[in-house]
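Chemist: Sharing a structure, written as structure tokens. Questions coming.
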Amino acid sequence: MASISNLPNLTPATSAGSSRSSSSSSVLPRSFITLRTLNSKLSSSSHLSLRYNQTSRPSLFVRCSASGGNGSTAERTTLHDLYEKEGQSPWYDNLCRPVTDLLPFIARGVRGVTSNPAIFQKAISTSNAYNDQFRTLVESGKDIESAYWELVVKDIQDACKLFEPIYDQTEAEDGYVSVEVSPMLADDTKGTVEAAKYLHKVVNRRNVYIKIPATAPCVPSIRDVIASGISVNVTLIFSIARYEAVIDAYLDGLEASGLDDLSRVTSVASFFVSRVDTLMDKMLEKIGTPEALDLRGKAAVAQAALAYKLYQKKFSGPRWEALVKKGAKKQRLLWASTSVKNPAYSDTLYVAPLIGPDTVSTMPDQALEAFIDHGTVKRTIDENVSEAEGVYSALEKLGIEWNKVGEQLEEEGVDSFKKSFESLLGTLQDKANTLKLASR
């Protein structure tokens, strides 16, 4: 990988309510955007309504959601009950322009937002809403990756503003918007730390979560970023062994921070669910015995239940209590990949059985609408732990190695995000070429 050096200073956006002051310039970290060079300062484009004559195509992303219009009133939903009665925070796994489309979701009980390279790939490549800002960036001489990050940072800043009231009401426990470092850095420990610090500085919002993948090279990055006082959403966790390493990185980071007040350094650990069953079911069908086939659709929830058991164990005892005295908050488990891939399964399979206190469930449209429509609010995450242990052991007895499954899913997840990232850059390059031709 080519290294990036001698990069220009970039000016972070200002935030009147930010808990940290930012200097007027900050150097873009090596390998933040990997193979290309940034060559100008970030501009402060503030367009929310954009009009570029792109050929329209049928897409679910013409709007951010199929839900009601901006600011529409919403009645109380099961999402409110989920948080108030069972202590689980419902988040929305989607983001695009106009970000004001999030207002009805907030009214319906959504308390945070997650994004990733795939979400931005869909949002930007299938919508006209980014084109005015992109046109301005291209005409000012921005390279494609610089332009991409400006589009992303603008969305994250605007979404953070909408969720600030929840962040304040909950004293930094909820109301977060997540933005992920470049997927090209998944094997780069130092580059990930630099990128996380850069994103945190440029977004400059109190309620932003910087997403870092739980790859082996990035686990030390998590520790260092937390130690720097930056809140982190750890993503792409597929196994209990890696999850424990993530918890330890969080605890190590808090201890190494040197801060007397840890109340504003928080984290979530995004444990992926449905993808586990997608892979496991294929393996079980290949084995083909009645015992194997009977375990289809059970692996993901079983592993998640055992992850919650580990969470309860790790966030207790003398080490944790010492951190609590400094205001530390638990690194909440966040259930990710909650949409159902197999139509034979219940459409709330990866939400309903994983309800428990101090957790988050981030849901795309399909899962969110299903749970609002017919979900049942009841603590379920630890009601059948012995059954979960039985499923976990039964899969091992069939020769399935959980850690290898996790490694494969992690590799596939990183690869998928890289492809989305590269695809979007290609789309933006095509748009830039069209703009240049049109301006001749």
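Identifiers in this document derive from the order of the structure tokens: chains are assigned A, B, ..., residues are numbered from 1 separately in each chain, and ligands are numbered from 1 in order of occurrence.
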Give me the residues within 8 Å of Ile381 in chain A as a PyMOL selection string, counting only C-alpha atoms and dropping any in the same chain fewer than 6 places off.

Modeler: chain A and resi 305+308+353-356

Chemist: Can you check which parts of range 261-311 of chain A lie within 10 Å of range 161-182 of chain A? Per residue, the shortest pair of atoms and distance in Å to one decimal, counting only C-alpha atoms, sorted by chain and number, as JSON lines.

Modeler:
{"residue": "A:Ser263", "atom": "CA", "partner": "A:Ala172", "partner_atom": "CA", "distance": 7.6}
{"residue": "A:Arg264", "atom": "CA", "partner": "A:Ala172", "partner_atom": "CA", "distance": 6.2}
{"residue": "A:Val265", "atom": "CA", "partner": "A:Ala172", "partner_atom": "CA", "distance": 8.5}
{"residue": "A:Thr266", "atom": "CA", "partner": "A:Glu173", "partner_atom": "CA", "distance": 7.6}
{"residue": "A:Ser267", "atom": "CA", "partner": "A:Glu173", "partner_atom": "CA", "distance": 9.2}

Chemist: Write the residues you've just listed into a file as a short mmCIF file (atom, residue, chain, number, x, y, z; two decimals), in the first residue's frame, and include all heavy atoms for each of them.

Modeler:
data_model
loop_
_atom_site.label_atom_id
_atom_site.label_comp_id
_atom_site.auth_asym_id
_atom_site.auth_seq_id
_atom_site.Cartn_x
_atom_site.Cartn_y
_atom_site.Cartn_z
N SER A 263 -17.10 9.59 31.96
CA SER A 263 -18.53 9.51 31.64
C SER A 263 -18.85 9.84 30.19
O SER A 263 -19.92 9.48 29.69
CB SER A 263 -19.34 10.41 32.56
OG SER A 263 -18.98 11.77 32.38
N ARG A 264 -17.96 10.52 29.49
CA ARG A 264 -18.24 10.91 28.10
C ARG A 264 -17.47 10.06 27.09
O ARG A 264 -17.52 10.34 25.89
CB ARG A 264 -17.91 12.39 27.89
CG ARG A 264 -18.72 13.33 28.77
CD ARG A 264 -20.15 13.45 28.31
NE ARG A 264 -21.04 13.95 29.36
CZ ARG A 264 -22.28 14.39 29.16
NH1 ARG A 264 -22.78 14.36 27.93
NH2 ARG A 264 -23.03 14.81 30.15
N VAL A 265 -16.74 9.07 27.56
CA VAL A 265 -16.06 8.15 26.65
C VAL A 265 -16.84 6.84 26.67
O VAL A 265 -16.77 6.07 27.62
CB VAL A 265 -14.60 7.90 27.09
CG1 VAL A 265 -13.88 7.06 26.04
CG2 VAL A 265 -13.87 9.21 27.31
N THR A 266 -17.61 6.60 25.64
CA THR A 266 -18.50 5.44 25.64
C THR A 266 -18.23 4.56 24.42
O THR A 266 -17.44 4.92 23.53
CB THR A 266 -19.98 5.87 25.64
OG1 THR A 266 -20.30 6.46 24.38
CG2 THR A 266 -20.24 6.88 26.76
N SER A 267 -18.89 3.42 24.39
CA SER A 267 -18.67 2.50 23.28
C SER A 267 -19.83 1.52 23.17
O SER A 267 -20.52 1.25 24.15
CB SER A 267 -17.36 1.73 23.49
OG SER A 267 -17.10 0.84 22.42
#

Chemist: Do a neighbour search on Asp281 in chain A at 10 Å with only C-alpha atoms, toss out local chain neighbours closer than 4 positions, and write the hits as a ChimeraX atom specification.

Modeler: /A:275-277,285-287,292-299,342

Chemist: Using only C-alpha atoms, find each residue of range 364-412 of chain A with at least one atom at most 9 Å away from an atom of range 207-223 of chain A; report its shortest atom-to-atom pair and that distance in Å (one decimal), sort the rows by chain and rising residue number, and return the result as CSV.

Modeler:
residue,atom,partner,partner_atom,distance
A:Glu407,CA,A:Thr215,CA,8.9
A:Glu410,CA,A:Thr215,CA,7.3
A:Glu411,CA,A:Thr215,CA,8.7

Chemist: Quick one: residues within 12 Å of range 429-432 of chain A, only C-alpha atoms, excluding same-chain residues fewer than 6 positions away - as a PyMOL selection string?

Modeler: chain A and resi 52-55+124-126+128+130-148+422-423+438-439

Chemist: Any chance you could export the current selection's N, CA and C atoms as an mmCIF file, in the first residue's frame?

Modeler:
data_model
loop_
_atom_site.group_PDB
_atom_site.id
_atom_site.type_symbol
_atom_site.label_atom_id
_atom_site.label_comp_id
_atom_site.auth_asym_id
_atom_site.auth_seq_id
_atom_site.Cartn_x
_atom_site.Cartn_y
_atom_site.Cartn_z
ATOM 1 N N TYR A 52 -29.180 17.686 -9.514
ATOM 2 C CA TYR A 52 -28.324 17.373 -10.663
ATOM 3 C C TYR A 52 -29.087 16.430 -11.568
ATOM 4 N N ASN A 53 -29.069 16.693 -12.875
ATOM 5 C CA ASN A 53 -29.887 15.924 -13.796
ATOM 6 C C ASN A 53 -29.289 14.548 -14.080
ATOM 7 N N GLN A 54 -29.468 13.667 -13.134
ATOM 8 C CA GLN A 54 -29.007 12.292 -13.292
ATOM 9 C C GLN A 54 -30.184 11.444 -13.738
ATOM 10 N N THR A 55 -29.924 10.481 -14.593
ATOM 11 C CA THR A 55 -31.002 9.586 -15.024
ATOM 12 C C THR A 55 -31.576 8.866 -13.821
ATOM 13 N N ILE A 124 -25.619 7.460 -1.931
ATOM 14 C CA ILE A 124 -25.021 8.448 -2.829
ATOM 15 C C ILE A 124 -25.178 8.060 -4.291
ATOM 16 N N SER A 125 -25.055 6.772 -4.591
ATOM 17 C CA SER A 125 -25.075 6.357 -6.000
ATOM 18 C C SER A 125 -26.479 6.288 -6.580
ATOM 19 N N THR A 126 -27.505 6.219 -5.741
ATOM 20 C CA THR A 126 -28.871 6.079 -6.271
ATOM 21 C C THR A 126 -29.734 7.295 -5.993
ATOM 22 N N ASN A 128 -30.170 11.748 -6.247
ATOM 23 C CA ASN A 128 -29.710 13.030 -6.771
ATOM 24 C C ASN A 128 -29.365 14.018 -5.669
ATOM 25 N N TYR A 130 -27.148 14.417 -3.525
ATOM 26 C CA TYR A 130 -25.763 14.789 -3.217
ATOM 27 C C TYR A 130 -25.095 15.581 -4.345
ATOM 28 N N ASN A 131 -25.808 15.771 -5.435
ATOM 29 C CA ASN A 131 -25.146 16.209 -6.648
ATOM 30 C C ASN A 131 -24.710 17.670 -6.648
ATOM 31 N N ASP A 132 -25.485 18.554 -6.037
ATOM 32 C CA ASP A 132 -25.076 19.962 -5.991
ATOM 33 C C ASP A 132 -23.777 20.122 -5.209
ATOM 34 N N GLN A 133 -23.717 19.471 -4.041
ATOM 35 C CA GLN A 133 -22.491 19.565 -3.251
ATOM 36 C C GLN A 133 -21.328 18.915 -3.999
ATOM 37 N N PHE A 134 -21.598 17.775 -4.614
ATOM 38 C CA PHE A 134 -20.538 17.091 -5.342
ATOM 39 C C PHE A 134 -20.043 17.932 -6.513
ATOM 40 N N ARG A 135 -20.974 18.585 -7.200
ATOM 41 C CA ARG A 135 -20.589 19.451 -8.309
ATOM 42 C C ARG A 135 -19.647 20.562 -7.826
ATOM 43 N N THR A 136 -20.001 21.176 -6.697
ATOM 44 C CA THR A 136 -19.173 22.242 -6.131
ATOM 45 C C THR A 136 -17.780 21.727 -5.783
ATOM 46 N N LEU A 137 -17.742 20.546 -5.203
ATOM 47 C CA LEU A 137 -16.455 19.962 -4.807
ATOM 48 C C LEU A 137 -15.582 19.669 -6.025
ATOM 49 N N VAL A 138 -16.184 19.109 -7.079
ATOM 50 C CA VAL A 138 -15.433 18.782 -8.288
ATOM 51 C C VAL A 138 -14.928 20.058 -8.964
ATOM 52 N N GLU A 139 -15.801 21.046 -9.043
ATOM 53 C CA GLU A 139 -15.414 22.290 -9.704
ATOM 54 C C GLU A 139 -14.325 23.030 -8.939
ATOM 55 N N SER A 140 -14.243 22.777 -7.623
ATOM 56 C CA SER A 140 -13.192 23.424 -6.829
ATOM 57 C C SER A 140 -11.874 22.647 -6.881
ATOM 58 N N GLY A 141 -11.872 21.525 -7.607
ATOM 59 C CA GLY A 141 -10.645 20.766 -7.775
ATOM 60 C C GLY A 141 -10.441 19.621 -6.811
ATOM 61 N N LYS A 142 -11.474 19.250 -6.065
ATOM 62 C CA LYS A 142 -11.337 18.136 -5.123
ATOM 63 C C LYS A 142 -11.123 16.817 -5.860
ATOM 64 N N ASP A 143 -10.276 15.967 -5.312
ATOM 65 C CA ASP A 143 -10.182 14.616 -5.845
ATOM 66 C C ASP A 143 -11.372 13.805 -5.339
ATOM 67 N N ILE A 144 -11.591 12.649 -5.934
ATOM 68 C CA ILE A 144 -12.820 11.891 -5.684
ATOM 69 C C ILE A 144 -12.953 11.457 -4.233
ATOM 70 N N GLU A 145 -11.883 10.957 -3.624
ATOM 71 C CA GLU A 145 -12.006 10.486 -2.242
ATOM 72 C C GLU A 145 -12.206 11.637 -1.262
ATOM 73 N N SER A 146 -11.571 12.778 -1.545
ATOM 74 C CA SER A 146 -11.800 13.952 -0.696
ATOM 75 C C SER A 146 -13.271 14.343 -0.750
ATOM 76 N N ALA A 147 -13.829 14.327 -1.966
ATOM 77 C CA ALA A 147 -15.239 14.682 -2.147
ATOM 78 C C ALA A 147 -16.143 13.699 -1.413
ATOM 79 N N TYR A 148 -15.808 12.407 -1.526
ATOM 80 C CA TYR A 148 -16.613 11.386 -0.838
ATOM 81 C C TYR A 148 -16.687 11.673 0.660
ATOM 82 N N GLU A 422 -15.180 0.976 -3.064
ATOM 83 C CA GLU A 422 -14.575 1.120 -4.383
ATOM 84 C C GLU A 422 -15.628 1.382 -5.459
ATOM 85 N N SER A 423 -16.784 0.731 -5.333
ATOM 86 C CA SER A 423 -17.870 0.929 -6.294
ATOM 87 C C SER A 423 -18.368 2.371 -6.261
ATOM 88 N N ALA A 438 -19.857 18.221 -19.381
ATOM 89 C CA ALA A 438 -20.977 19.143 -19.513
ATOM 90 C C ALA A 438 -20.550 20.596 -19.422
ATOM 91 N N SER A 439 -19.440 20.832 -18.719
ATOM 92 C CA SER A 439 -19.002 22.207 -18.524
ATOM 93 C C SER A 439 -18.132 22.732 -19.665
#

Chemist: Which residue is closest to Gly413 in chain A? Choose from A:Phe238, A:Gln121, A:Ile156, A:Thr77 and count only C-alpha atoms.

Modeler: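 Between A:Phe238, A:Gln121, A:Ile156, A:Thr77, the residue approaching Gly413 in chain A most closely is A:Phe238.
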
Chemist: Show which residues sit within 8 Å of Asp261 in chain A, as a list in words. Count only C-alpha atoms, and ignore same-chain residues fewer than 6 positions away.

Modeler: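 In the requested format, the answer is Lys326, Gly327 and Ala328 of chain A.
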
Chemist: Those residues you just picked out, can you put them in a file as a short mmCIF file (atom, residue, chain, number, x, y, z; two decimals), in the first residue's frame with all heavy atoms?

Modeler:
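Result file is result-v6.cif:
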data_model
loop_
_atom_site.label_atom_id
_atom_site.label_comp_id
_atom_site.auth_asym_id
_atom_site.auth_seq_id
_atom_site.Cartn_x
_atom_site.Cartn_y
_atom_site.Cartn_z
N LYS A 326 -14.98 6.30 38.37
CA LYS A 326 -14.56 7.45 37.54
C LYS A 326 -15.62 7.82 36.50
O LYS A 326 -15.36 8.62 35.61
CB LYS A 326 -13.24 7.13 36.84
CG LYS A 326 -12.05 7.00 37.78
CD LYS A 326 -10.76 6.82 36.99
CE LYS A 326 -9.56 6.79 37.90
NZ LYS A 326 -8.28 6.70 37.14
N GLY A 327 -16.78 7.22 36.63
CA GLY A 327 -17.88 7.56 35.73
C GLY A 327 -18.00 6.71 34.49
O GLY A 327 -18.78 7.03 33.59
N ALA A 328 -17.24 5.62 34.41
CA ALA A 328 -17.25 4.79 33.20
C ALA A 328 -18.63 4.18 32.95
O ALA A 328 -19.35 3.82 33.88
CB ALA A 328 -16.22 3.68 33.31
#

Chemist: Rounded to one decimal, what separation in Å do you get between CA of Val414 in chain A and CA of Gly399 in chain A?

Modeler: 25.5 Å

Chemist: Between CA of Gln312 in chain A and CA of His374 in chain A, measure the distance and give it in Å to one decimal.

Modeler: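 Going from CA of Gln312 in chain A over to CA of His374 in chain A covers 29.0 Å.
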
Chemist: Select, from A:Ser339, A:Val405, A:Met283, A:Val203, the residue with the minimum atom-to-atom distance to Asp158 in chain A, counting only C-alpha atoms.

Modeler: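 Counting only C-alpha atoms, the residue closest to Asp158 in chain A is A:Val203.
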
Chemist: Please extract the residues of range 87-260 of chain A with a backbone DSSP assignment of strand (DSSP E or B) and present them as a list in words.

Modeler: Gln88, Ser89, Pro90, Trp91, Tyr92, Val113, Val177, Ser178, Val179, Glu180, Val208, Tyr209, Ile210, Lys211, Ile212, Pro213, Val232, Asn233, Val234, Thr235, Leu236 and Ile237 of chain A

Chemist: Would you return as an MDAnalysis selection string the members of range 107-295 of chain A that DSSP assigns to helix (DSSP H, G or I) on this structure's backbone?

Modeler: chainID A and resid 107 117:125 131:139 144:169 183:185 189:203 216:227 240:256 274:287 290:293

Chemist: Write out as a list of chain:residue names the residues lying within 12 Å of Ser386 in chain A, counting only C-alpha atoms and excluding same-chain residues fewer than 4 positions away.

Modeler: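 Those residues are A:Ala302, A:Gln303, A:Ala305, A:Leu306, A:Lys309, A:Ile381, A:Asp382, A:Gly390, A:Val391, A:Tyr392, A:Ser393.
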
Chemist: Interatomic distance between CA of Ile119 in chain A and CA of Ser420 in chain A?

Modeler: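 Rounded to one decimal, the two atoms are 8.6 Å apart.
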
Chemist: Given only C-alpha atoms as the basis, pick out the residue of A:Ser361, A:Asn233, A:Gln331, A:Ser239 nearest to Tyr92 in chain A.

Modeler: A:Ser361
